[in-house]
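So this block is entry.cif, mmCIF, C-alpha atoms:
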```
data_input
loop_
_atom_site.label_atom_id
_atom_site.label_comp_id
_atom_site.auth_asym_id
_atom_site.auth_seq_id
_atom_site.Cartn_x
_atom_site.Cartn_y
_atom_site.Cartn_z
CA MET A 1 -8.42 -8.93 -19.45
CA SER A 2 -9.86 -12.45 -19.68
CA GLU A 3 -8.26 -15.51 -18.13
CA ASN A 4 -7.16 -16.87 -21.50
CA ALA A 5 -5.81 -13.59 -22.82
CA GLN A 6 -2.14 -13.88 -23.75
CA PRO A 7 -0.49 -10.45 -24.17
CA ASP A 8 2.31 -10.78 -26.69
CA PRO A 9 5.26 -8.34 -26.47
CA THR A 10 6.35 -9.49 -29.95
CA GLY A 11 3.14 -8.04 -31.43
CA GLU A 12 2.36 -4.78 -33.12
CA LYS A 13 3.06 -2.58 -30.08
CA VAL A 14 6.70 -3.64 -29.97
CA LYS A 15 7.07 -3.50 -33.72
CA ARG A 16 5.87 0.11 -33.74
CA LEU A 17 8.73 0.97 -31.39
CA GLY A 18 11.15 -0.03 -34.12
CA ILE A 19 13.15 -2.27 -31.80
CA SER A 20 13.72 -5.98 -31.40
CA LEU A 21 12.14 -8.20 -28.77
CA GLU A 22 15.50 -8.40 -27.01
CA ASP A 23 15.79 -4.62 -26.84
CA TYR A 24 12.27 -4.45 -25.41
CA LEU A 25 12.92 -7.06 -22.71
CA LEU A 26 16.44 -6.05 -21.73
CA PRO A 27 17.01 -2.99 -19.53
CA THR A 28 18.24 0.15 -21.19
CA HIS A 29 21.99 0.62 -21.54
CA GLY A 30 23.09 1.97 -18.17
CA ARG A 31 20.25 3.08 -15.91
CA ILE A 32 17.39 5.56 -15.94
CA GLN A 33 18.19 8.77 -14.05
CA MET A 34 16.53 12.18 -14.40
CA ILE A 35 17.90 14.26 -11.52
CA SER A 36 21.64 14.40 -10.91
CA GLU A 37 23.14 13.78 -7.47
CA SER A 38 23.55 17.55 -7.11
CA GLY A 39 19.85 18.15 -7.84
CA GLU A 40 20.09 19.28 -11.47
CA LEU A 41 17.73 18.13 -14.21
CA LEU A 42 19.65 15.97 -16.68
CA SER A 43 19.22 16.40 -20.41
CA VAL A 44 17.24 13.72 -22.24
CA ASP A 45 20.49 12.38 -23.72
CA GLU A 46 21.89 11.95 -20.19
CA GLN A 47 18.84 10.24 -18.71
CA GLY A 48 19.69 6.82 -20.13
CA SER A 49 16.54 6.42 -22.21
CA THR A 50 16.63 4.46 -25.46
CA PRO A 51 13.93 3.57 -28.03
CA GLY A 52 11.21 1.66 -26.21
CA HIS A 53 12.49 2.93 -22.86
CA GLU A 54 11.40 6.57 -22.85
CA TYR A 55 9.98 8.12 -19.70
CA PRO A 56 8.15 11.44 -19.27
CA MET A 57 9.16 13.70 -16.40
CA PRO A 58 6.66 13.60 -13.50
CA THR A 59 4.72 16.78 -12.83
CA ALA A 60 5.81 19.28 -10.17
CA GLN A 61 2.83 18.30 -7.99
CA GLU A 62 3.70 14.61 -8.21
CA LEU A 63 7.23 15.42 -7.11
CA LEU A 64 6.00 17.64 -4.27
CA ASP A 65 3.66 14.90 -3.05
CA GLY A 66 6.54 12.45 -3.19
CA TYR A 67 8.91 14.84 -1.43
CA ARG A 68 6.44 15.27 1.43
CA GLN A 69 6.42 11.51 1.91
CA LEU A 70 10.22 11.50 1.78
CA VAL A 71 10.35 14.01 4.64
CA ILE A 72 7.89 11.98 6.70
CA GLY A 73 9.67 8.73 5.91
CA ARG A 74 13.08 10.04 6.93
CA ARG A 75 11.71 11.39 10.21
CA VAL A 76 9.96 8.10 10.96
CA ASN A 77 13.11 6.11 10.24
CA ASP A 78 15.18 8.24 12.59
CA GLN A 79 12.48 8.28 15.28
CA ASN A 80 12.09 4.52 15.23
CA TYR A 81 15.82 3.99 15.51
CA ALA A 82 15.73 6.14 18.64
CA LEU A 83 12.77 4.18 20.03
CA VAL A 84 14.72 0.95 19.62
CA ARG A 85 17.67 2.37 21.55
CA GLN A 86 15.28 3.45 24.28
CA GLY A 87 13.87 -0.06 24.56
CA ARG A 88 10.40 1.01 23.44
CA MET A 89 10.52 -0.95 20.18
CA ALA A 90 11.79 -4.51 19.85
CA VAL A 91 13.47 -4.22 16.45
CA TYR A 92 13.44 -1.91 13.46
CA PRO A 93 14.91 -2.42 9.96
CA SER A 94 15.59 1.15 8.85
CA SER A 95 15.21 2.24 5.23
CA HIS A 96 17.19 5.46 5.78
CA GLY A 97 18.56 6.34 2.33
CA GLN A 98 16.07 4.12 0.48
CA GLU A 99 13.00 6.26 1.10
CA ALA A 100 12.65 7.39 -2.52
CA SER A 101 12.20 3.82 -3.72
CA GLU A 102 9.56 3.10 -1.10
CA VAL A 103 7.63 6.32 -1.68
CA ALA A 104 7.55 5.75 -5.44
CA ALA A 105 6.34 2.17 -4.98
CA ALA A 106 3.32 3.41 -3.03
CA LEU A 107 2.50 6.51 -5.09
CA CYS A 108 2.58 4.79 -8.48
CA LEU A 109 -0.37 2.59 -7.49
CA GLU A 110 -4.09 3.40 -7.40
CA PRO A 111 -6.22 2.53 -4.34
CA ARG A 112 -7.61 -0.54 -6.15
CA ASP A 113 -4.09 -1.93 -6.67
CA TRP A 114 -2.23 -4.09 -4.14
CA LEU A 115 1.17 -3.61 -2.51
CA PHE A 116 3.16 -6.48 -1.01
CA PRO A 117 6.01 -5.04 1.09
CA THR A 118 8.97 -6.54 2.94
CA TYR A 119 9.84 -5.95 6.59
CA ARG A 120 11.97 -2.93 5.56
CA ASP A 121 9.25 -1.15 3.61
CA THR A 122 7.60 0.78 6.44
CA VAL A 123 7.77 4.06 4.51
CA ALA A 124 5.91 2.49 1.57
CA VAL A 125 3.16 1.26 3.89
CA LEU A 126 2.87 4.72 5.47
CA ALA A 127 2.60 6.30 2.02
CA ARG A 128 -0.34 3.99 1.29
CA GLY A 129 -2.22 5.76 4.08
CA VAL A 130 -1.89 3.21 6.89
CA ASP A 131 -1.94 4.72 10.39
CA PRO A 132 1.69 5.09 11.66
CA MET A 133 1.07 3.37 14.99
CA GLN A 134 -0.67 0.46 13.28
CA VAL A 135 2.37 0.08 11.03
CA MET A 136 4.76 -0.04 14.01
CA THR A 137 2.71 -2.50 16.08
CA ASN A 138 4.50 -5.43 14.49
CA PHE A 139 7.94 -4.07 15.44
CA ARG A 140 6.79 -3.58 18.99
CA GLY A 141 6.48 -7.34 19.35
CA ASP A 142 2.70 -7.63 19.49
CA TRP A 143 0.88 -10.83 18.50
CA HIS A 144 -0.79 -9.24 15.47
CA GLN A 145 0.32 -7.16 12.53
CA GLY A 146 -1.51 -4.00 13.54
CA TYR A 147 -3.55 -3.15 10.44
CA ASN A 148 -6.14 -4.76 8.21
CA PRO A 149 -4.56 -5.35 4.78
CA HIS A 150 -7.90 -4.98 3.00
CA GLU A 151 -8.45 -1.42 4.22
CA HIS A 152 -5.58 -0.09 2.13
CA ASN A 153 -4.91 -3.01 -0.25
CA THR A 154 -1.54 -3.37 1.43
CA SER A 155 -0.35 -6.74 2.63
CA VAL A 156 1.32 -7.25 6.00
CA GLN A 157 5.06 -6.59 6.04
CA SER A 158 6.66 -9.93 5.27
CA THR A 159 9.48 -11.11 7.53
CA PRO A 160 9.99 -14.51 5.84
CA LEU A 161 12.24 -13.74 2.91
CA THR A 162 10.53 -13.43 -0.49
CA THR A 163 7.29 -15.24 0.37
CA GLN A 164 5.49 -11.97 -0.35
CA LEU A 165 6.26 -12.32 -4.07
CA LEU A 166 4.36 -15.60 -4.23
CA HIS A 167 1.49 -13.91 -2.40
CA ALA A 168 1.59 -11.04 -4.90
CA VAL A 169 1.40 -13.42 -7.85
CA GLY A 170 -1.41 -15.34 -6.18
CA MET A 171 -3.37 -12.13 -5.64
CA ALA A 172 -2.96 -11.17 -9.31
CA GLN A 173 -4.06 -14.60 -10.52
CA ALA A 174 -7.05 -14.64 -8.16
CA ALA A 175 -8.09 -11.18 -9.35
CA ARG A 176 -7.99 -12.35 -12.95
CA LEU A 177 -10.13 -15.41 -12.17
CA LYS A 178 -12.64 -13.16 -10.39
CA GLY A 179 -12.68 -10.61 -13.19
CA GLU A 180 -11.17 -7.84 -11.06
CA GLU A 181 -8.78 -5.36 -12.68
CA MET A 182 -5.78 -4.43 -10.59
CA VAL A 183 -2.00 -4.13 -10.70
CA VAL A 184 0.05 -5.82 -8.00
CA LEU A 185 3.48 -4.59 -6.90
CA GLY A 186 5.70 -6.90 -4.89
CA MET A 187 8.78 -5.47 -3.17
CA VAL A 188 11.96 -7.44 -2.51
CA GLY A 189 15.60 -6.80 -1.65
CA ASP A 190 18.67 -7.97 -3.53
CA GLY A 191 19.05 -10.83 -1.04
CA GLY A 192 15.56 -12.01 -1.86
CA THR A 193 16.51 -12.55 -5.51
CA SER A 194 18.73 -15.43 -4.33
CA GLU A 195 15.71 -17.30 -2.95
CA GLY A 196 13.84 -20.03 -4.80
CA ASP A 197 10.56 -18.18 -4.22
CA PHE A 198 11.88 -15.39 -6.45
CA HIS A 199 12.28 -17.78 -9.38
CA GLU A 200 8.91 -19.42 -8.84
CA ALA A 201 7.07 -16.09 -8.57
CA LEU A 202 8.65 -14.60 -11.71
CA ASN A 203 8.22 -17.76 -13.74
CA PHE A 204 4.53 -18.18 -12.86
CA ALA A 205 3.77 -14.49 -13.43
CA SER A 206 5.47 -14.51 -16.81
CA VAL A 207 3.91 -17.77 -18.04
CA PHE A 208 0.42 -16.52 -17.16
CA LYS A 209 1.12 -12.90 -18.19
CA LEU A 210 0.00 -11.45 -14.87
CA PRO A 211 -0.11 -7.69 -14.10
CA VAL A 212 2.65 -7.87 -11.47
CA ILE A 213 5.61 -5.55 -10.97
CA PHE A 214 8.56 -7.10 -9.16
CA PHE A 215 10.36 -4.16 -7.55
CA VAL A 216 13.88 -5.00 -6.36
CA GLN A 217 15.52 -2.54 -3.98
CA ASN A 218 19.17 -3.39 -4.50
CA ASN A 219 20.76 -1.90 -1.38
CA LYS A 220 23.99 -3.87 -1.98
CA TYR A 221 23.87 -6.19 1.05
CA ALA A 222 21.80 -9.18 2.14
CA ILE A 223 22.56 -8.49 5.81
CA SER A 224 26.35 -8.92 5.52
CA VAL A 225 26.52 -10.69 2.13
CA PRO A 226 27.50 -8.30 -0.69
CA LEU A 227 25.78 -8.45 -4.06
CA SER A 228 28.95 -9.80 -5.69
CA ARG A 229 28.55 -13.01 -3.66
CA GLN A 230 24.95 -13.45 -4.80
CA THR A 231 25.05 -13.02 -8.57
CA ALA A 232 27.37 -12.49 -11.52
CA ALA A 233 24.64 -10.92 -13.66
CA PRO A 234 25.33 -7.44 -15.10
CA SER A 235 22.38 -6.23 -13.04
CA LEU A 236 19.44 -7.79 -11.26
CA ALA A 237 17.21 -6.22 -13.92
CA HIS A 238 18.87 -8.50 -16.48
CA LYS A 239 17.34 -11.50 -14.74
CA ALA A 240 13.97 -10.54 -16.22
CA VAL A 241 14.79 -11.57 -19.78
CA GLY A 242 15.28 -15.18 -18.73
CA TYR A 243 11.62 -15.30 -17.74
CA GLY A 244 10.38 -13.52 -20.86
CA MET A 245 9.52 -10.28 -19.08
CA ALA A 246 10.84 -6.75 -19.48
CA GLY A 247 13.35 -5.42 -16.95
CA GLU A 248 14.59 -1.92 -16.16
CA LEU A 249 17.38 -0.50 -14.00
CA VAL A 250 16.69 2.87 -12.37
CA ASP A 251 18.54 5.16 -9.98
CA GLY A 252 16.91 4.20 -6.69
CA ASN A 253 17.76 7.55 -5.08
CA ASP A 254 16.12 9.61 -7.83
CA LEU A 255 12.45 10.07 -6.98
CA ALA A 256 11.62 11.51 -10.41
CA ALA A 257 13.10 8.55 -12.28
CA LEU A 258 11.44 6.08 -9.94
CA LEU A 259 8.00 7.62 -10.37
CA ALA A 260 8.48 7.66 -14.15
CA VAL A 261 9.68 4.07 -14.50
CA LEU A 262 7.24 2.52 -12.04
CA GLY A 263 4.40 4.66 -13.36
CA ARG A 264 5.00 3.41 -16.90
CA ALA A 265 5.23 -0.19 -15.67
CA VAL A 266 1.84 0.19 -13.97
CA LYS A 267 0.33 1.68 -17.12
CA LEU A 268 1.63 -1.14 -19.31
CA CYS A 269 0.43 -3.75 -16.82
CA ARG A 270 -3.07 -2.29 -17.09
CA GLU A 271 -2.80 -2.70 -20.85
CA GLY A 272 -1.97 -6.39 -20.45
CA ARG A 273 1.77 -6.13 -21.12
CA GLY A 274 3.02 -7.30 -17.73
CA PRO A 275 4.75 -8.56 -15.76
CA PHE A 276 7.79 -6.32 -15.19
CA LEU A 277 10.97 -6.38 -13.15
CA VAL A 278 12.32 -3.02 -11.97
CA GLU A 279 15.61 -2.78 -10.09
CA ALA A 280 16.31 0.29 -7.97
CA ASP A 281 20.02 1.00 -7.49
CA THR A 282 20.16 2.26 -3.90
CA TYR A 283 21.96 1.76 -0.58
CA ARG A 284 21.15 0.84 3.00
CA MET A 285 22.76 3.67 4.98
CA GLN A 286 22.28 2.11 8.41
CA SER A 287 22.73 -1.41 9.74
CA HIS A 288 20.44 -4.24 8.65
CA THR A 289 18.58 -3.87 11.97
CA ASN A 290 19.54 -2.72 15.45
CA ALA A 291 20.87 -6.29 16.01
CA ASP A 292 23.46 -5.84 13.23
CA ASP A 293 26.88 -4.15 13.17
CA ALA A 294 27.48 -2.97 9.61
CA THR A 295 31.03 -1.84 10.37
CA ARG A 296 32.07 -5.51 10.41
CA TYR A 297 31.50 -5.97 6.70
CA ARG A 298 31.67 -2.55 4.96
CA GLU A 299 33.95 0.45 5.05
CA GLY A 300 33.00 3.94 6.19
CA GLU A 301 34.26 5.40 2.92
CA GLU A 302 31.60 3.45 1.06
CA VAL A 303 28.87 4.84 3.28
CA ASP A 304 30.24 8.36 2.90
CA GLU A 305 30.13 8.05 -0.88
CA TRP A 306 26.46 7.08 -0.82
CA THR A 307 25.66 9.89 1.60
CA LYS A 308 26.31 12.27 -1.29
CA ARG A 309 23.46 10.60 -3.20
CA ASP A 310 20.84 11.22 -0.50
CA PRO A 311 17.42 11.12 -2.22
CA LEU A 312 15.91 13.62 0.20
CA GLN A 313 18.53 16.31 -0.33
CA ARG A 314 18.57 15.69 -4.08
CA MET A 315 14.83 16.25 -4.49
CA ARG A 316 14.82 19.23 -2.11
CA THR A 317 17.52 20.95 -4.16
CA TYR A 318 15.75 20.29 -7.44
CA LEU A 319 12.33 21.47 -6.24
CA LYS A 320 13.80 24.63 -4.70
CA ASN A 321 15.73 25.44 -7.86
CA GLU A 322 12.51 25.02 -9.85
CA GLY A 323 10.64 27.32 -7.46
CA ALA A 324 8.14 24.57 -6.61
CA LEU A 325 9.21 24.07 -2.98
CA THR A 326 8.54 27.25 -1.03
CA GLU A 327 9.57 27.95 2.55
CA GLU A 328 5.92 27.63 3.59
CA LEU A 329 5.59 24.17 2.02
CA GLU A 330 8.90 23.05 3.52
CA ALA A 331 7.74 24.15 6.96
CA GLN A 332 4.40 22.36 6.51
CA TYR A 333 6.07 19.10 5.46
CA THR A 334 8.46 19.28 8.41
CA SER A 335 5.54 19.92 10.76
CA ASP A 336 3.64 16.96 9.30
CA ALA A 337 6.64 14.70 9.81
CA GLU A 338 7.16 15.87 13.39
CA ALA A 339 3.50 15.23 14.17
CA VAL A 340 3.90 11.62 13.04
CA ALA A 341 7.07 11.22 15.11
CA THR A 342 5.39 12.69 18.17
CA SER A 343 2.40 10.36 17.85
CA LEU A 344 4.76 7.39 17.64
CA ARG A 345 6.72 8.47 20.71
CA ASP A 346 3.56 8.96 22.71
CA ALA A 347 2.04 5.65 21.62
CA MET A 348 5.22 3.67 22.23
CA GLY A 349 5.44 5.14 25.71
CA GLN A 350 2.14 3.49 26.64
CA ASP A 351 2.13 -0.08 27.92
CA ALA A 352 0.03 -2.34 25.72
CA GLU A 353 -3.09 -3.82 27.33
CA LEU A 354 -2.65 -7.57 26.99
CA ASN A 355 -5.33 -10.22 27.24
CA PRO A 356 -3.85 -13.75 27.57
CA LEU A 357 -7.04 -15.23 26.10
CA ASP A 358 -6.18 -13.65 22.74
CA LEU A 359 -3.66 -16.47 22.34
CA PHE A 360 -6.52 -18.87 21.61
CA ASP A 361 -8.87 -16.71 19.56
CA HIS A 362 -7.07 -16.44 16.21
CA VAL A 363 -5.42 -19.82 15.67
CA TYR A 364 -8.23 -21.49 13.72
CA THR A 365 -11.33 -20.14 12.03
CA VAL A 366 -13.31 -22.73 13.96
CA GLN A 367 -11.72 -23.37 17.32
CA THR A 368 -10.78 -26.98 18.05
CA PRO A 369 -12.20 -28.72 21.13
CA GLN A 370 -8.73 -28.92 22.64
CA LEU A 371 -8.12 -25.19 22.29
CA ALA A 372 -11.58 -24.40 23.64
CA GLU A 373 -10.85 -26.56 26.68
CA GLN A 374 -7.48 -24.92 27.27
CA ARG A 375 -8.98 -21.46 26.86
CA ALA A 376 -11.69 -22.22 29.40
CA GLN A 377 -9.11 -23.54 31.84
CA LEU A 378 -6.98 -20.40 31.55
CA ALA A 379 -10.05 -18.15 31.83
CA GLU A 380 -10.99 -19.91 35.06
CA GLU A 381 -7.48 -19.48 36.46
CA LEU A 382 -7.43 -15.78 35.55
CA SER A 383 -10.85 -15.27 37.13
CA ARG A 384 -9.77 -17.04 40.30
CA GLU A 385 -6.59 -14.94 40.47
CA ALA A 386 -8.52 -11.71 39.97
CA HIS A 387 -10.98 -12.71 42.68
CA THR A 388 -8.15 -13.46 45.10
CA GLU A 389 -6.52 -10.09 44.43
CA HIS A 390 -9.84 -8.34 44.95
CA GLN A 391 -10.39 -10.11 48.27
CA GLY A 392 -6.86 -9.23 49.36
#
```

Here is a file; write its structure as structure tokens.
Amino acid sequence: MSENAQPDPTGEKVKRLGISLEDYLLPTHGRIQMISESGELLSVDEQGSTPGHEYPMPTAQELLDGYRQLVIGRRVNDQNYALVRQGRMAVYPSSHGQEASEVAAALCLEPRDWLFPTYRDTVAVLARGVDPMQVMTNFRGDWHQGYNPHEHNTSVQSTPLTTQLLHAVGMAQAARLKGEEMVVLGMVGDGGTSEGDFHEALNFASVFKLPVIFFVQNNKYAISVPLSRQTAAPSLAHKAVGYGMAGELVDGNDLAALLAVLGRAVKLCREGRGPFLVEADTYRMQSHTNADDATRYREGEEVDEWTKRDPLQRMRTYLKNEGALTEELEAQYTSDAEAVATSLRDAMGQDAELNPLDLFDHVYTVQTPQLAEQRAQLAEELSREAHTEHQG
């Protein structure tokens, strides 16, 4: 699509749907859900679809591929929480219970597309094919992120809140100026929608009609602040219409619905009908991080209620009932997940080899004279110390 192209949702494509512009932009009435909490396929009438908001069921293979990533993601979340308690990882923001949203975000994209995750989206980064240990390097407290974003078109996990959405929009605009075709997906939590960067990113993307999907994982709490203290909107998906973009609300614990909704958003973005805002209705089962005590601001009954909506168990039940998930496949997926967990345990048990001179090597593209002088001074001190130890 050229730089000056202006996709118009009021054009013939929307008219052929037989709906108004408002019905196209606003999320469907309720939310999109395909698999019930008990693992049963819902009828089309129960899935929440309306004209202009219809979604095909993903194939059995797509669901199996997603389920495998769910199994790996759950095992990684639990393993990393254990590593934190053992003092082998500095901090870890678990996505236990949100894995379906993260897996779908990664699997809906092609290799040429870009993903911009938050600090909690480890499972999404893993599903993009990044080496598990490289993903966890950041949480170990190292000086670098651990992986090269350009190898997997996956940005570093953003700790500053919501800055990644501005980066996502910038990437999409740069790609357009360079004539590159890609879709960009930026992930954010419900707390991030209260930031000014959220407004600026959505407004810019909508004005310039960029192929960006803003994927909000609404896990109900911005650390300890509940959603009710952040917005009075009917849903976060409703915020989209104010920017002139389409929004959709989907069950964030239903892998099938997530793949369908995000997959359609990617397809429409490629056709020049972006951007989109997709809200996943989900829940953070564990504390914000290991430094947080969730019992101080939410009740156990609330957590218990969401436990019944576990995305992993829901998809397992559905796939087994359909005859797609055999005992052999289940065993293979479990083995794959355990192999990842074992590699993380082994790697985290090794002391990192640190070189103090690295502090000076990646501050500026061209090192300043002052830094060069300081580096040389430290190198001399280290050499003198090593010589003394050798003589001793």

Next on the checklist: Once the PyMOL selection byres ((chain A and resi 307-312) around 7) has been evaluated on this model, what residues remain selected, and can you format them as an NGL selection string?
Outcome noted: :A and (37 or 70 or 97 or 100 or 253-255 or 303-306 or 313-316)

Item to check | Residue among A:Arg345, A:Ser194, A:Gln69, A:Val125 lying closest to Ala232 in chain A, counting all atoms listed in the file | outcome: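 Smallest distance to Ala232 in chain A is found for A:Ser194.
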
Checklist entry - What do you get, as a list in words, if you spell out every residue that the PyMOL selection byres ((chain A and resi 230) around 9) selects here? => result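 Output of the PyMOL selection byres ((chain A and resi 230) around 9): Asp190, Gly191, Thr193, Ser194, Ala222, Val225, Pro226, Leu227, Ser228, Arg229, Thr231 and Ala232 of chain A.
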
Starting from the shown file, work through the PyMOL selection byres ((chain A and resi 262) around 10) and note down what comes out as a compact mmCIF listing (two decimals) with C-alpha atoms, in the coordinates of the input.
```txt
# COMPACT_ATOMS: atom_id res chain seq x y z
CA TYR A 55 9.98 8.12 -19.70
CA SER A 101 12.20 3.82 -3.72
CA ALA A 104 7.55 5.75 -5.44
CA ALA A 105 6.34 2.17 -4.98
CA ALA A 106 3.32 3.41 -3.03
CA LEU A 107 2.50 6.51 -5.09
CA CYS A 108 2.58 4.79 -8.48
CA LEU A 109 -0.37 2.59 -7.49
CA LEU A 185 3.48 -4.59 -6.90
CA ILE A 213 5.61 -5.55 -10.97
CA PHE A 215 10.36 -4.16 -7.55
CA GLU A 248 14.59 -1.92 -16.16
CA VAL A 250 16.69 2.87 -12.37
CA ALA A 257 13.10 8.55 -12.28
CA LEU A 258 11.44 6.08 -9.94
CA LEU A 259 8.00 7.62 -10.37
CA ALA A 260 8.48 7.66 -14.15
CA VAL A 261 9.68 4.07 -14.50
CA GLY A 263 4.40 4.66 -13.36
CA ARG A 264 5.00 3.41 -16.90
CA ALA A 265 5.23 -0.19 -15.67
CA VAL A 266 1.84 0.19 -13.97
CA LYS A 267 0.33 1.68 -17.12
CA LEU A 268 1.63 -1.14 -19.31
CA PHE A 276 7.79 -6.32 -15.19
CA LEU A 277 10.97 -6.38 -13.15
CA VAL A 278 12.32 -3.02 -11.97
```

Next on the checklist: At a cut-off of 8 Å, using all atoms listed in the file, what residues contact range 130-134 of chain A? Leave out same-chain residues fewer than 5 positions from it and give the result as a list in words.
Outcome noted: Val125, Gln145, Gly146, Tyr147, His152, Val340, Ser343, Leu344 and Ala347 of chain A

Item to check | Surrounding residues of Gln164 in chain A excluding itself and chain neighbours under 6 positions, 10 Å, all atoms listed in the file, as an NGL selection string | outcome: :A and (115-118 or 155-158 or 170 or 186-188 or 197-198 or 201)

Output of the above residues as a PDB file, in the coordinates of the input, restricted to C-alpha atoms:
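What follows is the written file part.pdb:
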```
ATOM      1  CA  LEU A 115       1.170  -3.610  -2.510  1.00  0.00           C
ATOM      2  CA  PHE A 116       3.160  -6.480  -1.010  1.00  0.00           C
ATOM      3  CA  PRO A 117       6.010  -5.040   1.090  1.00  0.00           C
ATOM      4  CA  THR A 118       8.970  -6.540   2.940  1.00  0.00           C
ATOM      5  CA  SER A 155      -0.350  -6.740   2.630  1.00  0.00           C
ATOM      6  CA  VAL A 156       1.320  -7.250   6.000  1.00  0.00           C
ATOM      7  CA  GLN A 157       5.060  -6.590   6.040  1.00  0.00           C
ATOM      8  CA  SER A 158       6.660  -9.930   5.270  1.00  0.00           C
ATOM      9  CA  GLY A 170      -1.410 -15.340  -6.180  1.00  0.00           C
ATOM     10  CA  GLY A 186       5.700  -6.900  -4.890  1.00  0.00           C
ATOM     11  CA  MET A 187       8.780  -5.470  -3.170  1.00  0.00           C
ATOM     12  CA  VAL A 188      11.960  -7.440  -2.510  1.00  0.00           C
ATOM     13  CA  ASP A 197      10.560 -18.180  -4.220  1.00  0.00           C
ATOM     14  CA  PHE A 198      11.880 -15.390  -6.450  1.00  0.00           C
ATOM     15  CA  ALA A 201       7.070 -16.090  -8.570  1.00  0.00           C
TER      16      ALA A 201
END
```

Checklist entry - Could you state the separation of CA of Glu99 in chain A and CA of Gly189 in chain A in Å, given to one decimal place? => result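 Interatomic distance, CA of Glu99 in chain A to CA of Gly189 in chain A: 13.6 Å.
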
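Nearest-residue note for His167 in chain A: choosing from A:Val207, A:Val212, A:Met136, A:Met348, the minimum distance belongs to A:Val212, counting only C-alpha atoms.
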